[in-house]
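Here's protein.txt, which has compact mmCIF, C-alpha atoms and all ligand atoms:
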# COMPACT_ATOMS: atom_id res chain seq x y z
CA MET L 59 -7.16 -6.73 23.65
CA HIS L 60 -9.55 -4.79 21.44
CA ASN L 61 -8.54 -1.28 20.48
CA THR L 62 -9.87 1.71 18.61
CA ILE L 63 -7.64 2.46 15.64
CA LEU L 64 -7.71 5.61 13.52
CA ILE L 65 -7.01 4.79 9.88
CA THR L 66 -6.19 7.80 7.73
CA GLY L 67 -6.72 7.05 4.05
CA GLY L 68 -8.93 4.16 5.12
CA THR L 69 -11.21 4.17 2.07
CA GLY L 70 -8.17 3.69 -0.19
CA TYR L 71 -6.79 0.44 -1.52
CA ILE L 72 -4.53 -0.72 1.32
CA GLY L 73 -6.43 1.14 4.03
CA SER L 74 -9.75 -0.56 3.23
CA HIS L 75 -8.17 -4.02 3.35
CA THR L 76 -6.45 -3.19 6.63
CA ALA L 77 -9.73 -1.91 8.09
CA VAL L 78 -11.31 -5.28 7.31
CA GLU L 79 -8.53 -7.27 8.99
CA LEU L 80 -8.66 -5.04 12.07
CA MET L 81 -12.43 -5.34 12.37
CA LEU L 82 -12.31 -9.11 11.88
CA GLN L 83 -9.92 -9.22 14.84
CA GLY L 84 -12.48 -7.35 16.93
CA HIS L 85 -11.00 -3.86 16.85
CA ARG L 86 -13.04 -0.71 16.30
CA VAL L 87 -11.98 1.49 13.44
CA VAL L 88 -12.35 5.19 12.70
CA ILE L 89 -11.65 6.01 9.06
CA MET L 90 -10.61 9.53 8.08
CA ASP L 91 -10.37 10.22 4.36
CA ASN L 92 -11.11 13.17 2.10
CA LEU L 93 -12.01 10.79 -0.78
CA CYS L 94 -9.53 12.53 -3.11
CA ASN L 95 -8.49 9.13 -4.49
CA SER L 96 -11.20 6.76 -3.31
CA SER L 97 -14.94 6.20 -3.37
CA ALA L 98 -17.57 6.47 -0.65
CA GLN L 99 -18.91 3.17 -2.05
CA VAL L 100 -16.13 1.46 -0.14
CA LEU L 101 -18.03 2.17 3.07
CA GLY L 102 -21.01 0.04 2.00
CA ARG L 103 -18.66 -2.78 1.06
CA LEU L 104 -16.93 -2.58 4.43
CA ARG L 105 -20.33 -2.79 6.11
CA GLN L 106 -21.15 -5.89 4.07
CA LEU L 107 -17.92 -7.50 5.21
CA CYS L 108 -17.72 -6.36 8.83
CA GLY L 109 -20.97 -4.74 9.92
CA ASP L 110 -20.93 -1.48 11.81
CA ARG L 111 -17.64 -1.73 13.65
CA PHE L 112 -16.38 1.52 12.12
CA ASP L 113 -17.10 5.21 11.78
CA PHE L 114 -16.23 7.41 8.85
CA VAL L 115 -15.07 11.01 9.00
CA GLN L 116 -14.81 12.73 5.65
CA ALA L 117 -12.01 15.24 6.14
CA ASP L 118 -8.56 16.19 4.99
CA VAL L 119 -5.83 15.02 7.35
CA ARG L 120 -4.20 18.45 7.01
CA ASN L 121 -7.26 19.88 8.77
CA ALA L 122 -6.10 20.28 12.40
CA ALA L 123 -9.58 21.02 13.75
CA ALA L 124 -11.00 17.88 12.13
CA LEU L 125 -8.16 15.82 13.60
CA ASP L 126 -8.64 17.27 17.07
CA ALA L 127 -12.35 16.47 16.86
CA VAL L 128 -11.55 12.84 16.05
CA PHE L 129 -9.15 12.52 18.98
CA THR L 130 -11.63 14.08 21.40
CA SER L 131 -14.62 12.06 20.11
CA TYR L 132 -13.02 8.62 20.09
CA PRO L 133 -10.71 6.78 22.51
CA ILE L 134 -8.00 6.29 19.88
CA ASP L 135 -5.31 3.78 20.94
CA GLY L 136 -3.24 3.92 17.77
CA VAL L 137 -3.10 5.36 14.28
CA ILE L 138 -2.30 3.88 10.89
CA HIS L 139 -1.41 6.66 8.47
CA PHE L 140 -2.13 5.64 4.88
CA ALA L 141 -3.41 8.99 3.61
CA GLY L 142 -1.20 10.34 0.87
CA LEU L 143 -0.80 10.78 -2.85
CA LYS L 144 1.15 7.96 -4.46
CA ALA L 145 1.63 8.39 -8.21
CA VAL L 146 5.32 8.71 -9.03
CA GLY L 147 4.85 10.35 -12.45
CA GLU L 148 2.27 12.81 -11.15
CA SER L 149 4.65 13.78 -8.35
CA VAL L 150 7.30 14.75 -10.92
CA ALA L 151 4.78 17.03 -12.64
CA GLN L 152 3.25 18.42 -9.42
CA PRO L 153 5.91 18.25 -6.71
CA LEU L 154 4.42 20.98 -4.52
CA ARG L 155 1.08 19.22 -4.37
CA TYR L 156 2.87 16.11 -3.15
CA PHE L 157 4.94 17.95 -0.56
CA ASP L 158 1.90 19.82 0.69
CA ASN L 159 -0.34 16.76 0.91
CA ASN L 160 2.06 14.08 2.10
CA LEU L 161 4.24 16.14 4.41
CA GLY L 162 1.40 18.41 5.55
CA SER L 163 -0.87 15.51 6.47
CA THR L 164 1.90 13.76 8.39
CA THR L 165 2.94 16.78 10.45
CA ALA L 166 -0.69 17.74 11.15
CA LEU L 167 -1.40 14.20 12.29
CA LEU L 168 1.69 14.05 14.53
CA LEU L 169 0.78 17.39 16.13
CA ALA L 170 -2.76 16.20 16.83
CA MET L 171 -1.49 12.91 18.23
CA ALA L 172 0.97 14.69 20.51
CA LYS L 173 -1.81 17.01 21.72
CA ALA L 174 -4.12 14.05 22.40
CA GLY L 175 -1.38 12.00 24.08
CA VAL L 176 -1.58 9.21 21.47
CA HIS L 177 1.92 8.03 20.57
CA ARG L 178 1.40 4.76 18.70
CA LEU L 179 1.70 5.11 14.92
CA VAL L 180 2.11 2.83 11.92
CA PHE L 181 3.35 4.73 8.88
CA SER L 182 3.00 3.66 5.22
CA SER L 183 6.43 3.97 3.69
CA SER L 184 7.61 2.36 0.50
CA ALA L 185 10.45 0.44 -1.09
CA THR L 186 10.75 3.58 -3.21
CA VAL L 187 13.04 4.92 -0.44
CA TYR L 188 15.70 2.42 -1.62
CA GLY L 189 15.77 3.97 -5.13
CA ASP L 190 18.02 1.90 -7.41
CA PRO L 191 19.28 -0.70 -4.93
CA ASP L 192 22.96 -1.71 -4.84
CA GLN L 193 21.95 -5.31 -4.19
CA VAL L 194 18.94 -7.57 -3.77
CA PRO L 195 17.38 -8.76 -1.56
CA ILE L 196 17.13 -5.35 0.08
CA THR L 197 17.63 -5.16 3.84
CA GLU L 198 16.40 -2.30 5.99
CA GLN L 199 20.04 -1.18 6.34
CA ALA L 200 20.39 -0.50 2.61
CA ARG L 201 21.31 3.00 1.48
CA LEU L 202 18.30 5.32 1.16
CA GLN L 203 18.03 7.39 -2.01
CA VAL L 204 15.03 8.65 -3.87
CA THR L 205 14.37 9.35 -7.51
CA SER L 206 11.04 11.24 -7.42
CA PRO L 207 9.23 13.89 -5.38
CA TYR L 208 6.86 11.12 -4.23
CA GLY L 209 9.84 9.13 -2.97
CA ARG L 210 11.18 12.24 -1.27
CA THR L 211 7.91 12.70 0.63
CA LYS L 212 8.27 9.16 2.01
CA LEU L 213 11.92 9.68 2.92
CA VAL L 214 11.29 13.04 4.59
CA CYS L 215 8.34 11.62 6.56
CA GLU L 216 10.57 8.75 7.69
CA GLU L 217 13.21 11.27 8.79
CA ILE L 218 10.63 13.32 10.69
CA LEU L 219 9.54 10.13 12.45
CA ARG L 220 13.17 9.22 13.28
CA ASP L 221 13.62 12.67 14.82
CA LEU L 222 10.53 12.04 16.97
CA MET L 223 11.78 8.63 18.05
CA ALA L 224 15.09 10.24 19.03
CA ALA L 225 13.34 13.02 20.92
CA GLY L 226 11.21 10.86 23.18
CA ALA L 227 10.92 7.20 24.06
CA HIS L 228 7.17 7.62 24.45
CA TRP L 229 6.68 7.51 20.68
CA GLN L 230 6.07 4.00 19.40
CA ILE L 231 6.37 4.09 15.64
CA ALA L 232 6.43 1.35 13.01
CA ILE L 233 7.70 2.49 9.62
CA LEU L 234 6.54 -0.13 7.13
CA ARG L 235 8.26 -0.18 3.74
CA TYR L 236 5.85 -1.88 1.37
CA PHE L 237 7.11 -3.50 -1.78
CA ASN L 238 4.48 -3.94 -4.55
CA PRO L 239 0.96 -4.44 -3.14
CA VAL L 240 -1.42 -6.31 -5.46
CA GLY L 241 -4.53 -8.49 -5.25
CA ALA L 242 -7.85 -7.92 -3.57
CA HIS L 243 -10.00 -9.23 -0.77
CA PRO L 244 -11.13 -12.81 -1.60
CA SER L 245 -14.79 -11.73 -1.30
CA GLY L 246 -14.40 -9.66 -4.48
CA LEU L 247 -16.06 -6.76 -2.63
CA ILE L 248 -13.05 -4.47 -2.24
CA GLY L 249 -9.98 -4.03 -4.40
CA GLU L 250 -7.79 -1.56 -6.23
CA ALA L 251 -9.74 0.96 -8.31
CA PRO L 252 -7.33 3.43 -9.90
CA ASN L 253 -8.65 6.59 -11.55
CA GLY L 254 -7.85 6.83 -15.25
CA VAL L 255 -5.08 4.83 -16.87
CA PRO L 256 -3.40 2.62 -14.27
CA ASN L 257 0.28 3.31 -13.62
CA ASN L 258 0.90 -0.06 -12.01
CA LEU L 259 1.26 -3.46 -13.61
CA MET L 260 -1.46 -5.51 -11.90
CA PRO L 261 -4.40 -3.13 -12.41
CA TYR L 262 -3.27 -2.69 -16.00
CA ILE L 263 -3.27 -6.45 -16.59
CA ALA L 264 -6.71 -6.67 -14.95
CA GLN L 265 -8.13 -3.93 -17.19
CA VAL L 266 -6.76 -5.61 -20.31
CA ALA L 267 -8.32 -8.88 -19.14
CA VAL L 268 -11.72 -7.26 -18.66
CA GLY L 269 -11.56 -5.57 -22.07
CA GLN L 270 -11.05 -1.98 -20.93
CA ARG L 271 -7.53 -1.63 -22.35
CA GLU L 272 -6.40 -3.04 -25.65
CA TYR L 273 -3.08 -4.48 -24.63
CA LEU L 274 -0.43 -4.46 -21.92
CA SER L 275 2.81 -2.66 -22.74
CA ILE L 276 5.68 -4.58 -21.21
CA PHE L 277 8.25 -1.94 -20.44
CA GLY L 278 11.56 -3.47 -21.54
CA GLN L 279 12.71 -6.99 -22.31
CA ASP L 280 16.46 -6.43 -22.05
CA TYR L 281 16.89 -6.11 -18.30
CA PRO L 282 19.59 -8.30 -16.68
CA THR L 283 16.88 -10.60 -15.27
CA PRO L 284 16.10 -14.26 -16.12
CA ASP L 285 13.51 -13.41 -18.81
CA GLY L 286 14.62 -9.82 -19.51
CA THR L 287 11.54 -8.17 -17.96
CA GLY L 288 11.51 -6.20 -14.69
CA VAL L 289 11.40 -8.11 -11.42
CA ARG L 290 9.48 -6.95 -8.33
CA ASP L 291 8.36 -8.25 -4.95
CA TYR L 292 4.57 -8.33 -5.34
CA ILE L 293 2.73 -8.83 -2.05
CA HIS L 294 -0.93 -9.76 -1.63
CA VAL L 295 -2.80 -6.84 -0.07
CA VAL L 296 -4.42 -9.10 2.56
CA ASP L 297 -0.97 -10.27 3.70
CA LEU L 298 0.11 -6.64 3.75
CA ALA L 299 -2.95 -5.67 5.79
CA GLN L 300 -2.15 -8.39 8.31
CA GLY L 301 1.40 -7.01 8.52
CA HIS L 302 -0.14 -3.83 9.98
CA LEU L 303 -1.84 -5.81 12.72
CA ALA L 304 1.47 -7.52 13.46
CA ALA L 305 3.13 -4.10 13.64
CA LEU L 306 0.50 -2.74 16.07
CA ASP L 307 0.94 -5.86 18.23
CA TYR L 308 4.70 -5.38 18.17
CA LEU L 309 4.42 -1.76 19.31
CA ALA L 310 2.07 -2.71 22.14
CA ARG L 311 4.22 -5.68 23.19
CA GLU L 312 7.72 -4.24 22.85
CA GLY L 313 6.99 -0.57 23.47
CA GLN L 314 9.65 0.45 20.98
CA SER L 315 9.83 1.62 17.40
CA ILE L 316 10.79 -0.37 14.30
CA THR L 317 11.42 0.11 10.58
CA VAL L 318 10.65 -2.97 8.54
CA ASN L 319 10.18 -4.23 4.98
CA LEU L 320 6.86 -5.83 4.07
CA GLY L 321 7.30 -8.04 1.03
CA THR L 322 7.36 -11.73 0.24
CA GLY L 323 11.11 -11.98 -0.33
CA ARG L 324 10.49 -13.38 -3.80
CA GLY L 325 10.96 -11.59 -7.12
CA ILE L 326 8.41 -12.06 -9.90
CA SER L 327 8.98 -10.84 -13.45
CA VAL L 328 6.46 -8.91 -15.52
CA ARG L 329 6.20 -11.87 -17.88
CA GLU L 330 5.69 -14.35 -15.07
CA MET L 331 2.92 -12.20 -13.60
CA MET L 332 1.16 -11.80 -16.94
CA GLU L 333 1.44 -15.51 -17.76
CA THR L 334 0.25 -16.58 -14.31
CA PHE L 335 -2.76 -14.23 -14.53
CA SER L 336 -3.63 -15.68 -17.91
CA ARG L 337 -3.22 -19.31 -16.81
CA VAL L 338 -5.08 -19.27 -13.49
CA ASN L 339 -7.95 -17.09 -14.74
CA HIS L 340 -8.23 -18.55 -18.26
CA VAL L 341 -8.07 -15.13 -19.88
CA HIS L 342 -5.90 -13.86 -22.69
CA ILE L 343 -3.70 -10.85 -22.01
CA ALA L 344 -2.82 -9.10 -25.27
CA HIS L 345 0.62 -7.52 -24.90
CA ARG L 346 3.46 -5.77 -26.69
CA TYR L 347 7.04 -5.22 -25.70
CA THR L 348 7.99 -1.54 -25.62
CA ASP L 349 10.94 0.53 -24.44
CA ARG L 350 11.91 0.61 -20.82
CA ARG L 351 9.95 3.08 -18.69
CA PRO L 352 12.29 5.87 -17.58
CA GLY L 353 13.26 5.58 -13.93
CA ASP L 354 12.47 1.85 -13.61
CA VAL L 355 15.00 -0.42 -11.92
CA ALA L 356 15.72 -3.94 -13.18
CA ALA L 357 14.98 -5.86 -10.01
CA CYS L 358 13.79 -5.12 -6.51
CA TRP L 359 12.79 -7.54 -3.79
CA ALA L 360 12.84 -7.55 -0.01
CA ASP L 361 14.91 -9.27 2.60
CA THR L 362 12.07 -10.23 4.93
CA THR L 363 14.14 -11.58 7.81
CA LEU L 364 13.41 -8.68 10.15
CA ALA L 365 9.63 -8.87 9.67
CA ARG L 366 9.73 -12.60 10.36
CA GLU L 367 11.96 -12.34 13.42
CA ARG L 368 10.60 -9.19 15.07
CA LEU L 369 6.97 -9.02 13.95
CA GLY L 370 6.46 -12.77 13.67
CA TRP L 371 4.83 -12.04 10.33
CA GLN L 372 5.41 -13.42 6.87
CA ALA L 373 3.41 -13.34 3.67
CA GLN L 374 1.30 -16.45 3.10
CA LEU L 375 -0.28 -15.90 -0.31
CA GLY L 376 1.55 -16.63 -3.55
CA VAL L 377 1.38 -15.19 -7.03
CA GLU L 378 -1.53 -17.42 -8.11
CA ARG L 379 -3.76 -16.11 -5.31
CA MET L 380 -2.71 -12.55 -6.17
CA CYS L 381 -3.93 -13.14 -9.74
CA GLU L 382 -7.11 -15.03 -8.80
CA ASP L 383 -8.22 -12.47 -6.25
CA THR L 384 -7.45 -9.54 -8.56
CA TRP L 385 -9.58 -11.15 -11.26
CA ARG L 386 -12.51 -11.89 -8.93
CA TRP L 387 -12.55 -8.22 -7.95
CA GLN L 388 -12.04 -6.85 -11.47
CA SER L 389 -14.50 -9.16 -13.23
CA ARG L 390 -17.24 -8.42 -10.68
CA ASN L 391 -16.50 -4.67 -10.64
CA PRO L 392 -15.29 -3.91 -14.17
CA ARG L 393 -15.26 -0.16 -13.54
CA GLY L 394 -14.24 -0.35 -9.91
CA TYR L 395 -16.65 1.22 -7.45
CA SER L 396 -18.38 3.35 -10.06
CA ASP L 397 -20.64 0.39 -11.00
CA SER L 398 -21.98 -0.16 -7.55
CA ALA L 399 -25.02 1.25 -5.86
P1 LIG L 401 -4.87 5.02 -2.19
O1 LIG L 401 -4.73 6.25 -3.02
O2 LIG L 401 -5.78 3.96 -2.65
O3 LIG L 401 -5.27 5.42 -0.69
C1 LIG L 401 -4.85 6.61 -0.09
C2 LIG L 401 -6.08 7.26 0.50
O4 LIG L 401 -5.70 8.47 1.15
C3 LIG L 401 -7.16 7.61 -0.53
O5 LIG L 401 -8.40 7.08 -0.10
C4 LIG L 401 -7.18 9.15 -0.54
O6 LIG L 401 -8.47 9.65 -0.79
C5 LIG L 401 -6.68 9.46 0.86
N1 LIG L 401 -6.01 10.75 1.03
C6 LIG L 401 -4.95 11.24 0.32
N2 LIG L 401 -4.59 12.43 0.82
C7 LIG L 401 -5.42 12.71 1.85
C8 LIG L 401 -5.54 13.79 2.77
N3 LIG L 401 -4.74 14.84 2.71
N4 LIG L 401 -6.52 13.71 3.70
C9 LIG L 401 -7.36 12.65 3.78
N5 LIG L 401 -7.28 11.61 2.94
C10 LIG L 401 -6.32 11.64 1.99
O7 LIG L 401 -3.38 4.45 -1.99
P2 LIG L 401 -2.90 3.05 -1.38
O8 LIG L 401 -2.34 2.25 -2.47
O9 LIG L 401 -3.94 2.49 -0.49
O10 LIG L 401 -1.67 3.58 -0.51
C11 LIG L 401 -1.79 3.85 0.87
C12 LIG L 401 -0.45 4.36 1.39
O11 LIG L 401 0.56 3.39 1.12
C13 LIG L 401 0.02 5.65 0.72
O12 LIG L 401 0.64 6.45 1.70
C14 LIG L 401 1.03 5.17 -0.29
O13 LIG L 401 2.01 6.13 -0.57
C15 LIG L 401 1.64 3.98 0.42
N6 LIG L 401 2.21 2.97 -0.48
C16 LIG L 401 1.44 2.47 -1.49
C17 LIG L 401 2.01 1.55 -2.37
C18 LIG L 401 1.22 1.01 -3.54
O14 LIG L 401 1.82 0.55 -4.50
N7 LIG L 401 -0.10 1.01 -3.50
C19 LIG L 401 3.32 1.12 -2.19
C20 LIG L 401 4.06 1.64 -1.13
C21 LIG L 401 3.49 2.59 -0.29
C1 LIG L 402 6.08 -3.06 -11.88
C2 LIG L 402 6.80 -3.63 -13.08
C3 LIG L 402 7.31 -2.03 -14.77
C4 LIG L 402 3.15 -1.22 -15.89
C5 LIG L 402 5.57 1.57 -8.07
C6 LIG L 402 6.15 2.78 -7.38
C7 LIG L 402 6.60 2.40 -6.00
C8 LIG L 402 5.48 1.73 -5.21
C9 LIG L 402 4.87 0.61 -5.97
C10 LIG L 402 4.31 3.38 -3.95
C11 LIG L 402 7.93 -2.77 -13.59
C12 LIG L 402 6.34 -3.06 -15.30
C13 LIG L 402 4.28 -1.71 -15.29
C14 LIG L 402 2.89 -1.52 -17.26
C15 LIG L 402 4.91 -2.82 -17.30
N1 LIG L 402 4.40 2.64 -4.94
N2 LIG L 402 5.15 -2.50 -15.97
N3 LIG L 402 3.79 -2.33 -17.90
O1 LIG L 402 7.30 0.81 -10.58
O2 LIG L 402 7.81 -1.28 -9.20
O3 LIG L 402 6.57 0.58 -8.18
O4 LIG L 402 4.49 1.06 -7.28
O5 LIG L 402 5.10 3.56 -3.07
O6 LIG L 402 7.02 3.58 -5.39
O7 LIG L 402 7.26 3.24 -8.15
O8 LIG L 402 5.44 -0.79 -9.87
O9 LIG L 402 3.48 -1.78 -10.92
O10 LIG L 402 4.40 0.39 -11.87
O11 LIG L 402 5.68 -1.73 -12.18
O12 LIG L 402 5.71 -3.54 -17.93
O13 LIG L 402 1.90 -1.08 -17.85
O14 LIG L 402 5.86 -3.74 -14.15
O15 LIG L 402 8.24 -1.68 -15.76
O16 LIG L 402 8.95 -3.63 -14.04
P1 LIG L 402 6.90 -0.15 -9.54
P2 LIG L 402 4.66 -0.93 -11.21

Could you render the structure as C-alpha cells?
Amino acid sequence: MHNTILITGGTGYIGSHTAVELMLQGHRVVIMDNLCNSSAQVLGRLRQLCGDRFDFVQADVRNAAALDAVFTSYPIDGVIHFAGLKAVGESVAQPLRYFDNNLGSTTALLLAMAKAGVHRLVFSSSATVYGDPDQVPITEQARLQVTSPYGRTKLVCEEILRDLMAAGAHWQIAILRYFNPVGAHPSGLIGEAPNGVPNNLMPYIAQVAVGQREYLSIFGQDYPTPDGTGVRDYIHVVDLAQGHLAALDYLAREGQSITVNLGTGRGISVREMMETFSRVNHVHIAHRYTDRRPGDVAACWADTTLARERLGWQAQLGVERMCEDTWRWQSRNPRGYSDSA
C-alpha cells in the first residue's frame, strides 16, 4: 500500500536517502526541514532521482503552527523524525542548544501528531545511547548510558517515547538505533556534505582523497583491537534507509512498537576503512597516527538479530561499496552541494 510519509530533517544526509527509497517504493513524501544543516540543492537532486513525488516545507519542527499546517494539508500516514543536531563535540560546548532543538522538536512533533490523530512514528536514535559498552556485539538489552549532551537528547527522547508507548497502545513507534552511517547513493547525486571540518571518519577520508584536507589523523593505535585502531559498525546509508521502510512495514503489520539496532553486525577498524578506501578507489590517503580522541570507545558493533528476526531486514552492502559510493559522491561533488546549480 502506498502511503504519505512526513520526513522531518529530510534534506539531511540520512533523511534524503530515506526519501529516495520511500519514493522508489511508490510512497509520497513530505519533507520538513529548516535547512540549518543541509542545502536546498538536495531538492533538485531528489527530483532528478524520483521526479515530483514529494513536497518540501521549509520550517522548524519546533514551530507548532507549521506542523499543524502540514498535518491538515496532507493525509500523513506516518512520520520519520530525523530532524536534530548531531555533533557530539558541539553538544558539549552548547548543551542548551541541543536540548532545545532535539527535545523541543520531538515534543512539538508528538503534540502535533496526537492532535492530528497520527500515531505511527519512526525515530532516529543512535548507538550513542550505549555509551562505553560492557560487551560487543551490543544487544538492545544492553545498559543505556550517555557521555555527551547529544547522547542525552537521544536517551531522553527514547524515554519520552517509552512513556507514550506505556500510556496508550495506539502509538506505534519504532526507535532505530543507528550505528555508523556512511556511503552515499550509488547515483553520486546525494551524499554526506558536512559543514566545516568533518567530525566523522568517512567524510574526513573522502576530503583527504579529494585534496581538501592534508592528511587523516588516526586517533589512537593502542586500542585493544586487532590492529590497535578503533572499531565501529559502519553501515551503508542506503541499507540504513531501507531499514526505515522495514520499520514502517513492521509498525503497519504488527501494530506494536519496537526498539532495534540498525548496523551490519561487523566491526571495521579505522585502518581497514582507510586501506579499503585507498584500494578500491585507487587513491592515496595521507595519514598520521595521533593521540586517542577523548571520549572514544575502543570497539562498538551491533547485535543485529532482532532487526533480522522482527523487521526481516539486514544490511546487504559491504565495506567496499561504502567506500566506492562515498568516492563517487565526493569526487563528483568535491565541495558537497555548494558546487551545484
Ligand atoms: P543531518 O544533519 O544531515 O540531517 C538532519 C537534518 O535535520 C538537517 O537537514 C537539518 O537541517 C534538520 N534539522 C535540524 N534541526 C531541525 C529543526 N529544529 N527543524 C527542522 N529541521 C531541522 O544529520 P543525519 O546524519 O542525516 O542524521 C539524521 C538523524 O539521525 C539525526 O537525528 C541524528 O542525530 C541521527 N543519527 C545520525 C547518525 C550519523 O552518524 N549520521 C548516527 C546516529 C543517529
Ligand atoms: C569513528 C572512528 C574515531 C575521525 C559518532 C557519534 C555517534 C554517531 C556516529 C550520531 C573512531 C576514528 C574519526 C578522524 C579517526 N552519531 N576517527 N580520525 O565517534 O564512532 O560515532 O558518529 O549519533 O554518536 O559519536 O564516529 O566517525 O567520529 O569515528 O581516527 O578524523 O574513527 O576515533 O574510532 P563515532 P566517527

* Selection as a ChimeraX atom specification: residues within 9 Å of ligand LIG 402 (chain L) by only C-alpha atoms and all ligand atoms -> /L:144-147,182-187,189,206,208-209,212,235-240,256-263,274-279,287-292,327-329,331,347-348,350-358

Could you build a table of the residues in chain L lying no more than 7 Å from ligand LIG 401 (chain L), giving for each the nearest pair of atoms and their separation in Å rounded to one decimal place, using all atoms listed in the file, ordered by chain and ascending residue number, as CSV?
residue,atom,partner,partner_atom,distance
L:Thr66,CA,L:LIG401,N5,6.2
L:Gly67,CA,L:LIG401,O4,3.4
L:Gly68,CA,L:LIG401,O5,6.0
L:Thr69,CA,L:LIG401,O5,4.6
L:Gly70,CA,L:LIG401,O5,3.4
L:Tyr71,CA,L:LIG401,O9,3.7
L:Ile72,CA,L:LIG401,O9,3.7
L:Gly73,CA,L:LIG401,O9,5.3
L:Met90,CA,L:LIG401,C9,6.2
L:Asp91,CA,L:LIG401,N5,3.7
L:Asn92,CA,L:LIG401,C9,4.1
L:Leu93,CA,L:LIG401,O6,3.7
L:Cys94,CA,L:LIG401,O6,3.8
L:Asn95,CA,L:LIG401,O6,3.7
L:Ser96,CA,L:LIG401,O5,4.3
L:Ala117,CA,L:LIG401,C9,5.8
L:Asp118,CA,L:LIG401,N4,3.5
L:Val119,CA,L:LIG401,N4,3.9
L:Arg120,CA,L:LIG401,N3,5.6
L:Phe140,CA,L:LIG401,C12,4.1
L:Ala141,CA,L:LIG401,O4,3.4
L:Gly142,CA,L:LIG401,C6,3.9
L:Leu143,CA,L:LIG401,C6,5.2
L:Lys144,CA,L:LIG401,O13,4.4
L:Asn159,CA,L:LIG401,N3,5.1
L:Asn160,CA,L:LIG401,N3,6.9
L:Ser163,CA,L:LIG401,N3,5.4
L:Ser182,CA,L:LIG401,O11,4.8
L:Ser183,CA,L:LIG401,C21,5.1
L:Ser184,CA,L:LIG401,C20,4.0
L:Ala185,CA,L:LIG401,C20,6.5
L:Arg235,CA,L:LIG401,C20,6.7
L:Tyr236,CA,L:LIG401,C20,4.7
L:Phe237,CA,L:LIG401,C19,6.0
L:Asn238,CA,L:LIG401,O14,5.2
L:Pro239,CA,L:LIG401,O14,5.2
L:Glu250,CA,L:LIG401,O2,6.9

If you keep C-alpha atoms, can you produce a file of those selected residues as an mmCIF file, keeping the file's coordinate frame?
data_model
loop_
_atom_site.group_PDB
_atom_site.id
_atom_site.type_symbol
_atom_site.label_atom_id
_atom_site.label_comp_id
_atom_site.auth_asym_id
_atom_site.auth_seq_id
_atom_site.Cartn_x
_atom_site.Cartn_y
_atom_site.Cartn_z
ATOM 1 C CA THR L 66 -6.190 7.800 7.730
ATOM 2 C CA GLY L 67 -6.720 7.050 4.050
ATOM 3 C CA GLY L 68 -8.930 4.160 5.120
ATOM 4 C CA THR L 69 -11.210 4.170 2.070
ATOM 5 C CA GLY L 70 -8.170 3.690 -0.190
ATOM 6 C CA TYR L 71 -6.790 0.440 -1.520
ATOM 7 C CA ILE L 72 -4.530 -0.720 1.320
ATOM 8 C CA GLY L 73 -6.430 1.140 4.030
ATOM 9 C CA MET L 90 -10.610 9.530 8.080
ATOM 10 C CA ASP L 91 -10.370 10.220 4.360
ATOM 11 C CA ASN L 92 -11.110 13.170 2.100
ATOM 12 C CA LEU L 93 -12.010 10.790 -0.780
ATOM 13 C CA CYS L 94 -9.530 12.530 -3.110
ATOM 14 C CA ASN L 95 -8.490 9.130 -4.490
ATOM 15 C CA SER L 96 -11.200 6.760 -3.310
ATOM 16 C CA ALA L 117 -12.010 15.240 6.140
ATOM 17 C CA ASP L 118 -8.560 16.190 4.990
ATOM 18 C CA VAL L 119 -5.830 15.020 7.350
ATOM 19 C CA ARG L 120 -4.200 18.450 7.010
ATOM 20 C CA PHE L 140 -2.130 5.640 4.880
ATOM 21 C CA ALA L 141 -3.410 8.990 3.610
ATOM 22 C CA GLY L 142 -1.200 10.340 0.870
ATOM 23 C CA LEU L 143 -0.800 10.780 -2.850
ATOM 24 C CA LYS L 144 1.150 7.960 -4.460
ATOM 25 C CA ASN L 159 -0.340 16.760 0.910
ATOM 26 C CA ASN L 160 2.060 14.080 2.100
ATOM 27 C CA SER L 163 -0.870 15.510 6.470
ATOM 28 C CA SER L 182 3.000 3.660 5.220
ATOM 29 C CA SER L 183 6.430 3.970 3.690
ATOM 30 C CA SER L 184 7.610 2.360 0.500
ATOM 31 C CA ALA L 185 10.450 0.440 -1.090
ATOM 32 C CA ARG L 235 8.260 -0.180 3.740
ATOM 33 C CA TYR L 236 5.850 -1.880 1.370
ATOM 34 C CA PHE L 237 7.110 -3.500 -1.780
ATOM 35 C CA ASN L 238 4.480 -3.940 -4.550
ATOM 36 C CA PRO L 239 0.960 -4.440 -3.140
ATOM 37 C CA GLU L 250 -7.790 -1.560 -6.230
#

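Taking atom CA of L:Arg324 as the reference point, atom CA of L:Gln83 is found at 28.0 Å.
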
* Restricting the calculation to all atoms listed in the file, which member of L:Ile248, L:Ala373, L:Ile89, L:Ala360 is positioned closest to L:Gly325? -> L:Ala360

* Got a sec: who's within 9 Å of L:Phe157, counting all atoms listed in the file, leaving out chain neighbours fewer than 3 positions off, as a ChimeraX atom specification? -> /L:149,153-154,160-162,207-208,210-211

* Could you check how far atom CA of L:Val295 sits from atom CA of L:Leu247, in Å to one decimal? => 13.5 Å

* Sel. within 8 Å of pt (13.4, -0.8, 7.9), counting all atoms listed in the file, output as an MDAnalysis selection string -> chainID L and resid 197:199 233:235 316:319

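Of the listed residues (L:Glu79, L:Asp307, L:Glu312, L:Asp383), L:Asp307 comes nearest to L:Trp371; the distances count all atoms listed in the file.
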
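Proximity to L:Gly102 was assessed for L:Val338, L:Glu216, L:Tyr395, L:Leu364 counting all atoms listed in the file; the smallest distance is recorded for L:Tyr395.
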
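Rounded to one decimal, atom CA of L:Met59 and atom CA of L:Asp297 lie 21.2 Å from each other.
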
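Counting all atoms listed in the file and comparing L:Gly394, L:Gly84, L:Gly254, L:Gly323, the residue that lies closest to L:Gln99 is L:Gly394.
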
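Considering all atoms listed in the file, the residue among L:Ala124, L:Leu213, L:Ala310, L:Ile218 positioned nearest to L:Thr164 is L:Ile218.
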
Set the distance at 9 Å and use only C-alpha atoms: which residues neighbour L:Ser389 once local chain neighbours fewer than 2 positions away are removed? I'd like the list as a short mmCIF file (atom, residue, chain, number, x, y, z; two decimals) with C-alpha atoms, in the frame of the given file.
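Contents of the output file part.cif:
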data_model
loop_
_atom_site.label_atom_id
_atom_site.label_comp_id
_atom_site.auth_asym_id
_atom_site.auth_seq_id
_atom_site.Cartn_x
_atom_site.Cartn_y
_atom_site.Cartn_z
CA GLY L 246 -14.40 -9.66 -4.48
CA ALA L 264 -6.71 -6.67 -14.95
CA ALA L 267 -8.32 -8.88 -19.14
CA VAL L 268 -11.72 -7.26 -18.66
CA THR L 384 -7.45 -9.54 -8.56
CA TRP L 385 -9.58 -11.15 -11.26
CA ARG L 386 -12.51 -11.89 -8.93
CA TRP L 387 -12.55 -8.22 -7.95
CA ASN L 391 -16.50 -4.67 -10.64
CA PRO L 392 -15.29 -3.91 -14.17
#
